[in-house]
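Just structure_1.cif here, mmCIF, C-alpha atoms:
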data_upload
#
loop_
_atom_site.label_atom_id
_atom_site.label_comp_id
_atom_site.auth_asym_id
_atom_site.auth_seq_id
_atom_site.Cartn_x
_atom_site.Cartn_y
_atom_site.Cartn_z
CA MET D 13 -84.46 27.28 26.73
CA ASP D 14 -85.42 23.60 26.47
CA ASN D 15 -84.91 20.91 29.07
CA GLN D 16 -82.35 18.80 27.25
CA PRO D 17 -78.64 19.34 26.51
CA LYS D 18 -78.21 21.33 23.35
CA LEU D 19 -77.67 19.03 20.38
CA MET D 20 -76.25 20.34 17.13
CA ASN D 21 -78.83 18.30 15.23
CA TYR D 22 -81.00 18.81 12.14
CA SER D 23 -83.42 21.33 13.61
CA ARG D 24 -80.67 23.52 15.06
CA MET D 25 -78.55 23.30 11.92
CA LYS D 26 -81.58 24.11 9.77
CA GLY D 27 -82.19 27.25 11.80
CA VAL D 28 -78.69 28.51 10.97
CA PHE D 29 -78.93 27.47 7.32
CA ASP D 30 -82.37 28.98 6.73
CA ALA D 31 -81.32 32.38 8.04
CA HIS D 32 -78.21 32.54 5.84
CA MET D 33 -78.93 30.23 2.90
CA GLU D 34 -78.54 32.95 0.26
CA GLN D 35 -74.90 33.42 1.19
CA MET D 36 -74.22 29.72 1.81
CA PHE D 37 -76.14 27.82 -0.88
CA GLU D 38 -73.00 27.24 -2.98
CA HIS D 39 -71.21 25.65 -0.04
CA ALA D 40 -73.92 24.06 2.12
CA PHE D 41 -76.96 21.81 1.78
CA ILE D 42 -79.48 20.52 4.26
CA ASN D 43 -82.69 18.50 4.31
CA SER D 44 -84.31 16.34 6.98
CA GLU D 45 -82.00 13.42 6.17
CA LEU D 46 -78.56 14.92 5.71
CA GLY D 47 -76.47 18.07 5.72
CA MET D 48 -73.41 18.83 3.63
CA LEU D 49 -70.54 21.28 3.88
CA TYR D 50 -68.79 21.91 0.60
CA GLY D 51 -65.55 23.80 1.06
CA ASP D 52 -66.32 27.10 2.78
CA PRO D 53 -66.50 26.75 6.61
CA SER D 54 -68.65 29.87 7.11
CA VAL D 55 -71.38 27.76 8.67
CA PHE D 56 -68.96 26.92 11.52
CA LYS D 57 -68.47 30.60 12.24
CA LEU D 58 -72.22 31.18 12.29
CA ILE D 59 -72.86 28.25 14.60
CA ILE D 60 -70.12 29.31 17.01
CA GLN D 61 -71.41 32.89 17.00
CA GLN D 62 -75.02 31.90 17.65
CA HIS D 63 -74.56 28.83 19.87
CA LYS D 64 -71.61 28.76 22.22
CA PRO D 65 -69.67 25.49 22.16
CA PRO D 66 -69.21 22.79 23.26
CA PHE D 67 -71.90 20.91 21.32
CA THR D 68 -73.20 17.39 21.53
CA ILE D 69 -74.26 15.43 18.46
CA ASN D 70 -76.53 12.41 18.03
CA ASP D 71 -75.67 11.54 14.45
CA PHE D 72 -72.77 10.59 12.16
CA ARG D 73 -70.41 13.25 10.76
CA MET D 74 -67.73 12.44 8.16
CA GLY D 75 -65.49 14.73 6.18
CA VAL D 76 -62.10 15.65 4.84
CA ILE D 77 -59.95 18.74 5.28
CA SER D 78 -58.62 19.76 1.88
CA LYS D 79 -56.85 22.94 2.93
CA GLY D 80 -55.84 24.80 6.07
CA GLN D 81 -55.89 23.69 9.70
CA ALA D 82 -58.33 23.45 12.60
CA LEU D 83 -57.90 22.91 16.32
CA VAL D 84 -60.85 21.04 17.82
CA ARG D 85 -61.44 19.32 21.15
CA VAL D 86 -63.29 16.08 20.45
CA ASN D 87 -64.37 13.93 23.40
CA LEU D 88 -61.83 15.61 25.74
CA VAL D 89 -58.82 15.32 23.44
CA GLU D 90 -57.48 18.28 21.45
CA LYS D 91 -56.93 17.45 17.79
CA LYS D 92 -54.85 19.48 15.37
CA LEU D 93 -56.47 18.73 12.02
CA GLU D 94 -54.50 19.51 8.89
CA SER D 95 -54.96 19.30 5.16
CA GLY D 96 -55.30 15.67 4.14
CA SER D 97 -57.12 14.59 7.31
CA LEU D 98 -60.15 12.30 7.25
CA LEU D 99 -62.63 13.03 10.04
CA PHE D 100 -65.33 10.98 11.74
CA VAL D 101 -67.36 11.92 14.81
CA GLY D 102 -70.16 9.64 15.98
CA PRO D 103 -73.30 9.82 18.10
CA GLY D 104 -72.82 10.86 21.72
CA SER D 105 -69.72 12.94 21.03
CA ILE D 106 -68.90 16.33 22.49
CA ILE D 107 -67.29 18.76 20.04
CA HIS D 108 -65.60 22.02 20.93
CA PRO D 109 -64.18 23.99 17.97
CA LEU D 110 -61.24 26.05 19.27
CA SER D 111 -59.74 27.75 16.22
CA PHE D 112 -59.20 27.38 12.51
CA THR D 113 -57.15 29.12 9.84
CA SER D 114 -58.72 31.56 7.38
CA ASP D 115 -57.94 29.25 4.44
CA LEU D 116 -59.72 26.22 5.92
CA GLU D 117 -61.67 24.07 3.45
CA ILE D 118 -63.81 21.15 4.63
CA TYR D 119 -65.94 18.79 2.57
CA GLY D 120 -68.23 16.67 4.66
CA ILE D 121 -71.59 15.14 5.37
CA GLY D 122 -73.81 14.70 8.43
CA LEU D 123 -76.40 11.92 8.58
CA PHE D 124 -79.46 12.95 10.59
CA ALA D 125 -81.97 10.70 12.35
CA ASP D 126 -84.22 10.40 9.26
CA PHE D 127 -81.42 9.26 6.96
CA PRO D 128 -82.09 5.79 5.45
CA MET D 129 -79.00 4.02 6.75
CA PRO D 130 -77.74 1.52 4.16
CA PHE D 131 -76.95 -1.23 6.67
CA ALA D 132 -79.11 -3.68 8.59
CA VAL D 133 -78.93 -3.74 12.38
CA GLY D 134 -75.65 -5.32 13.41
CA GLN D 135 -74.13 -4.98 9.94
CA MET D 136 -72.51 -1.55 10.24
CA PRO D 137 -68.81 -1.41 9.26
CA SER D 138 -66.66 -1.82 12.36
CA ALA D 139 -65.57 1.84 12.46
CA PHE D 140 -69.21 2.93 12.81
CA ASN D 141 -70.75 0.22 15.02
CA GLY D 142 -70.49 2.24 18.23
CA GLN D 143 -67.19 0.89 19.52
CA VAL D 144 -65.37 3.91 18.09
CA ARG D 145 -66.71 7.34 19.02
CA ASP D 146 -64.44 9.37 16.75
CA PHE D 147 -61.28 9.23 14.70
CA GLN D 148 -59.13 11.66 12.74
CA ILE D 149 -56.58 10.16 10.34
CA LYS D 150 -53.89 11.67 8.14
CA ALA D 151 -54.62 9.83 4.88
CA SER D 152 -52.80 9.28 1.60
CA GLU D 153 -53.41 11.49 -1.43
CA SER D 154 -55.16 8.59 -3.13
CA ASP D 155 -57.52 8.01 -0.19
CA ILE D 156 -58.27 11.73 0.04
CA ALA D 157 -59.01 11.87 -3.69
CA THR D 158 -61.40 8.90 -3.43
CA THR D 159 -63.19 10.54 -0.50
CA ARG D 160 -63.55 13.80 -2.40
CA ASN D 161 -64.89 11.95 -5.45
CA ILE D 162 -67.61 10.29 -3.36
CA ILE D 163 -68.54 13.55 -1.63
CA ASP D 164 -68.58 15.39 -4.97
CA THR D 165 -70.95 12.78 -6.39
CA ILE D 166 -73.28 13.00 -3.38
CA TRP D 167 -73.24 16.80 -3.69
CA HIS D 168 -74.24 16.50 -7.35
CA VAL D 169 -77.04 13.98 -6.65
CA VAL D 170 -78.67 15.95 -3.83
CA HIS D 171 -78.98 18.97 -6.09
CA GLN D 172 -80.85 17.11 -8.82
CA PRO D 173 -84.57 17.94 -9.25
CA ASP D 174 -85.43 14.25 -8.86
CA TYR D 175 -83.49 13.70 -5.61
CA ASN D 176 -82.94 9.94 -5.34
CA ARG D 177 -82.53 8.97 -1.70
CA GLN D 178 -81.57 5.36 -2.54
CA THR D 179 -78.71 6.59 -4.71
CA VAL D 180 -77.55 8.88 -1.90
CA SER D 181 -77.82 6.04 0.62
CA SER D 182 -75.71 3.77 -1.61
CA LEU D 183 -73.07 6.46 -2.05
CA VAL D 184 -72.96 6.97 1.72
CA ALA D 185 -72.47 3.21 2.12
CA ALA D 186 -69.50 3.41 -0.27
CA MET D 187 -68.04 6.28 1.73
CA MET D 188 -68.45 4.42 5.03
CA TYR D 189 -66.81 1.28 3.63
CA HIS D 190 -63.97 3.45 2.32
CA TYR D 191 -63.53 5.07 5.75
CA ASP D 192 -63.72 1.70 7.47
CA GLY D 193 -60.92 0.28 5.35
CA ILE D 194 -58.69 3.28 6.05
CA TYR D 195 -59.50 3.12 9.76
CA ARG D 196 -58.65 -0.58 10.05
CA GLN D 197 -55.35 -0.06 8.24
CA HIS D 198 -54.62 2.83 10.61
CA ILE D 199 -55.38 0.69 13.66
CA ASP D 200 -53.18 -2.15 12.39
CA LEU D 201 -50.26 0.27 11.95
CA MET D 202 -50.85 1.77 15.39
CA LYS D 203 -50.93 -1.65 17.02
CA ALA D 204 -47.58 -2.46 15.44
CA SER D 205 -45.92 0.72 16.64
CA GLN D 206 -47.92 1.89 19.65
CA SER D 207 -46.57 1.35 23.12
CA ARG D 208 -48.52 -0.50 25.76
CA GLU D 209 -48.78 2.78 27.67
CA GLN D 210 -50.47 4.55 24.76
CA THR D 211 -52.87 1.64 24.31
CA ILE D 212 -53.84 1.85 27.99
CA PHE D 213 -54.28 5.63 27.73
CA ASP D 214 -56.56 5.33 24.68
CA ARG D 215 -58.71 2.72 26.43
CA PHE D 216 -58.87 4.87 29.56
CA ILE D 217 -60.04 7.94 27.62
CA PHE D 218 -62.67 5.85 25.85
CA LEU D 219 -64.05 4.67 29.20
CA VAL D 220 -63.93 8.16 30.71
CA ASN D 221 -65.98 9.55 27.83
CA GLN D 222 -68.58 6.85 28.46
CA HIS D 223 -68.80 6.86 32.24
CA ALA D 224 -67.45 10.09 33.80
CA THR D 225 -70.89 11.52 34.59
CA HIS D 226 -71.51 8.69 37.05
CA GLU D 227 -68.09 7.25 37.85
CA HIS D 228 -65.81 9.90 39.37
CA GLN D 229 -63.06 7.74 40.86
CA ILE D 230 -60.05 6.09 39.24
CA SER D 231 -60.89 2.82 41.00
CA PHE D 232 -63.81 2.21 38.62
CA TYR D 233 -61.61 2.56 35.52
CA ALA D 234 -58.79 0.51 36.97
CA GLY D 235 -61.30 -2.24 37.70
CA ARG D 236 -62.73 -2.17 34.18
CA MET D 237 -59.20 -2.40 32.76
CA CYS D 238 -58.04 -5.10 35.20
CA LEU D 239 -55.22 -2.89 36.44
CA THR D 240 -54.27 -1.57 39.85
CA GLU D 241 -55.12 2.06 40.57
CA ARG D 242 -51.47 2.87 41.13
CA TYR D 243 -50.32 1.33 37.85
CA LEU D 244 -53.11 2.98 35.85
CA GLY D 245 -52.35 6.35 37.42
CA THR D 246 -48.65 6.03 36.63
CA VAL D 247 -49.27 5.02 33.01
CA ILE D 248 -51.76 7.84 32.36
CA ARG D 249 -49.38 10.45 33.74
CA GLN D 250 -46.48 9.09 31.67
CA ALA D 251 -48.55 8.90 28.47
CA SER D 252 -50.25 12.29 28.72
CA GLY D 253 -48.51 14.43 31.32
CA THR D 254 -51.85 14.68 33.15
CA THR D 255 -53.16 12.58 36.02
CA ALA D 256 -56.01 10.13 35.57
CA LYS D 257 -58.14 12.06 38.06
CA GLU D 258 -57.64 15.26 36.07
CA TRP D 259 -58.92 13.52 32.92
CA ILE D 260 -61.99 12.31 34.80
CA ASP D 261 -62.58 15.80 36.20
CA ARG D 262 -62.23 17.36 32.74
CA ALA D 263 -64.90 15.08 31.32
CA LEU D 264 -67.24 15.58 34.27
CA VAL D 265 -66.88 19.38 34.22
CA GLU D 266 -67.50 19.43 30.47
CA HIS D 267 -70.79 17.58 30.95
CA ILE D 268 -71.79 19.84 33.84
CA LYS D 269 -71.11 22.94 31.73
CA ILE D 270 -73.37 21.61 28.97
CA GLU D 271 -76.17 21.04 31.46
CA LEU D 272 -75.72 24.51 32.99
CA LYS D 273 -75.54 26.26 29.61
CA HIS D 274 -78.20 24.47 27.69
CA THR D 275 -80.87 23.34 30.18
CA ASP D 276 -83.04 24.89 32.86
CA LYS D 277 -82.54 21.97 35.22
CA PRO D 278 -82.26 22.97 38.89
CA LEU D 279 -78.78 22.62 40.32
CA VAL D 280 -80.07 19.98 42.73
CA GLN D 281 -81.23 17.85 39.79
CA ILE D 282 -77.91 18.16 37.96
CA SER D 283 -76.09 17.24 41.17
CA GLU D 284 -78.23 14.12 41.57
CA GLU D 285 -77.94 13.08 37.92
CA MET D 286 -74.15 13.40 38.09
CA ASP D 287 -74.07 11.25 41.26
CA PHE D 288 -72.70 13.85 43.65
CA PRO D 289 -73.41 13.13 47.34
CA ASN D 290 -75.19 16.47 47.82
CA PRO D 291 -75.63 19.90 46.15
CA SER D 292 -73.10 21.55 48.45
CA PHE D 293 -70.35 19.13 47.44
CA PHE D 294 -71.36 19.58 43.78
CA SER D 295 -71.05 23.37 44.04
CA LYS D 296 -67.67 23.25 45.83
CA TYR D 297 -66.32 20.71 43.33
CA PHE D 298 -67.33 22.83 40.34
CA LYS D 299 -65.96 26.06 41.83
CA ARG D 300 -62.64 24.42 42.71
CA LEU D 301 -62.15 23.36 39.08
CA THR D 302 -63.59 26.39 37.26
CA GLY D 303 -63.32 29.32 39.66
CA GLN D 304 -67.10 29.88 39.52
CA THR D 305 -70.06 28.38 41.32
CA PRO D 306 -72.53 26.52 39.09
CA LEU D 307 -74.99 29.40 39.42
CA GLU D 308 -72.35 31.99 38.49
CA TYR D 309 -71.34 29.95 35.46
CA ARG D 310 -74.96 29.55 34.33
CA GLN D 311 -75.68 33.27 34.68
CA SER D 312 -72.53 34.28 32.79
CA ASN D 313 -73.32 31.94 29.89
CA ARG D 314 -76.94 32.84 29.22
CA TYR D 315 -77.64 33.82 25.62
#

Output the structure of this file as structure tokens.
Amino acid sequence: MDNQPKLMNYSRMKGVFDAHMEQMFEHAFINSELGMLYGDPSVFKLIIQQHKPPFTINDFRMGVISKGQALVRVNLVEKKLESGSLLFVGPGSIIHPLSFTSDLEIYGIGLFADFPMPFAVGQMPSAFNGQVRDFQIKASESDIATTRNIIDTIWHVVHQPDYNRQTVSSLVAAMMYHYDGIYRQHIDLMKASQSREQTIFDRFIFLVNQHATHEHQISFYAGRMCLTERYLGTVIRQASGTTAKEWIDRALVEHIKIELKHTDKPLVQISEEMDFPNPSFFSKYFKRLTGQTPLEYRQSNRY
């Protein structure tokens, strides 16, 4: 095992693809710059079988569900993704596939670290500039068709003998602009109809995903949102049926599990990096929420 949290990045994806490319070449593509999934989700099954979720990613993933359904936990929140859904998951996200139907079809693209991004620094479309970690949107038939047309064209270009990376980069730019327009329309509609409570909840979850490994108390989030702890706690419970502290604990436990599963770090080091007062408190906290000590969890999740 390595000493960093397991990323589902190019090298790990390539390992899965290389071992099964003969059976996947009609529905999957990968090089050092990008990976593509074209309909058949078999690669998901292989990844889940070989590398237990959850996974972290450090790149951009975009796609569309054309058929079937999937249940996925993305950055703490469970998403039921159905046919006609546009998907985006950005760097720093935690993804936990839970289930999907046998007829699932996904068309998508992942942009790895070597991909020649088509935008200058500071010029990324707003949906991809880091302020949004992920989104999943039920889109119109027209928007889905446009997305599929762009993906189909990229799929065709990457399979040409004279692979033209500039053409691919330009097509990716078109896809990102297309997604950005749909996202901004979606946000405008949500702002018009969304309650203040839901807006507060969404902001809270965003902050928890960013800071839970170091900020374990509701007071930090209330301060960042210029709200009282009592008011924030009341709103979060009303909006989600779960307390604010439970959301913080969920995020923190998820990060701890990743460290225990995918690194060889001593428990003392994980405790320190997660800002627990001491290893004993860390162990009791984890056992109270999971039913296992950190050591027991690590031993039961070795590959």

Contact residues around Phe232 (chain D) with only C-alpha atoms at 9 Å, ignoring same-chain residues under 5 positions, as a compact mmCIF listing (two decimals) with C-alpha atoms, in the coordinates of the input:
# COMPACT_ATOMS: atom_id res chain seq x y z
CA GLU D 227 -68.09 7.25 37.85
CA MET D 237 -59.20 -2.40 32.76
CA GLU D 241 -55.12 2.06 40.57

(message) At a cut-off of 8 Å, using all atoms listed in the file, what residues contact region 286-296 of chain D? Leave out same-chain residues fewer than 4 positions from it and give the result as a ChimeraX atom specification.
(response) /D:225-227,279-280,282,300,305-306

(message) Which residue is closest to Pro130 (chain D)? Choose from D:Leu183, D:Leu88, D:Glu45, D:Leu301 and count all atoms listed in the file.
(response) D:Leu183

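Minimum atom-to-atom distances from D:His198, D:Tyr119, D:Ala132, D:Thr113 to Gln148 (chain D) were compared using all atoms listed in the file, and the lowest value belongs to D:His198.
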
Find the residues of region 167-277 of chain D that sit at most 12 Å from region 93-99 of chain D; for each, write down the nearest two atoms and how far apart they are in Å, to one decimal. Count all atoms listed in the file. Sort by chain, then by number going up, and give it as a tab-separated table.
residue	atom	partner	partner_atom	distance
D:Met187	CA	D:Leu98	CA	11.4
D:Met188	CA	D:Leu99	CA	11.5
D:His190	CA	D:Leu98	CA	10.8
D:Tyr191	CA	D:Leu98	CA	8.1
D:Asp192	CA	D:Leu98	CA	11.2
D:Ile194	CA	D:Leu98	CA	9.2
D:Tyr195	CA	D:Leu98	CA	9.5
D:His198	CA	D:Leu98	CA	11.5

(message) If we count all atoms listed in the file and set the cut-off at 9 Å, which residues sit around Lys92 (chain D), ignoring sequence neighbours fewer than 4 positions away in its own chain? Please answer as a PyMOL selection string.
(response) chain D and resi 81-85

Proximity check region 77-144 of chain D to region 22-41 of chain D, 12 Å, nearest pairs one decimal Å, all atoms listed in the file, as a Markdown table:
| residue | atom | partner | partner_atom | distance |
| --- | --- | --- | --- | --- |
| D:Glu117 | CA | D:His39 | CA | 10.3 |
| D:Ile118 | CA | D:His39 | CA | 9.8 |
| D:Tyr119 | CA | D:His39 | CA | 9.0 |
| D:Gly120 | CA | D:Ala40 | CA | 9.7 |
| D:Ile121 | CA | D:Phe41 | CA | 9.3 |
| D:Gly122 | CA | D:Tyr22 | CA | 9.1 |
| D:Leu123 | CA | D:Tyr22 | CA | 9.0 |
| D:Phe124 | CA | D:Tyr22 | CA | 6.3 |
| D:Ala125 | CA | D:Tyr22 | CA | 8.2 |
| D:Asp126 | CA | D:Tyr22 | CA | 9.5 |
| D:Phe127 | CA | D:Tyr22 | CA | 10.9 |

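If all atoms listed in the file are the atoms counted, then among D:Phe131, D:Tyr297, D:Phe67, D:Tyr243 the closest residue to Pro103 (chain D) is D:Phe67.
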
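Distances from D:Pro137, D:Gly75, D:Asp155, D:Ile106 to Ala263 (chain D) were compared using only C-alpha atoms, and the smallest one belongs to D:Ile106.
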
(message) So the first atom is CA of Asp52 (chain D) and the second is CA of His274 (chain D); what is the distance between them in Å, to one decimal place?
(response) 27.7 Å

(request) Rank nothing, just name the residue among D:Ile163, D:Ala185, D:Ile268, D:Leu116 nearest to Met136 (chain D), using all atoms listed in the file. (result) D:Ala185

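When CA of Asp164 (chain D) is paired with CA of Asn21 (chain D), their separation reads 22.8 Å.
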
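Between Asp146 (chain D) and the candidates D:Arg310, D:Lys91, D:Lys79, D:Arg249, the tightest atom-to-atom separation, counting only C-alpha atoms, involves D:Lys91.
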
(request) Would you mind reading off the distance between CA of Phe298 (chain D) and CA of Ile248 (chain D), one decimal, in Å? (result) 23.0 Å

(message) List as a VMD selection string the residues having at least one atom at most 12 Å from position (-71.0, 2.6, 14.9) as given in the file, counting all atoms listed in the file.
(response) chain D and resid 70 to 73 100 to 104 129 131 133 to 147 188 192

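The residues returned by the PyMOL selection byres ((chain D and resi 215-220) around 9) for this structure are Asn87, Leu88, Val89, Val144, Arg145, Gln210, Thr211, Ile212, Phe213, Asp214, Asn221, Gln222, His223, Ala224, Thr225, Glu227, Tyr233, Ala234, Arg236, Met237, Leu244, Ile248, Ala256, Trp259, Ile260, Ala263 and Leu264 of chain D.
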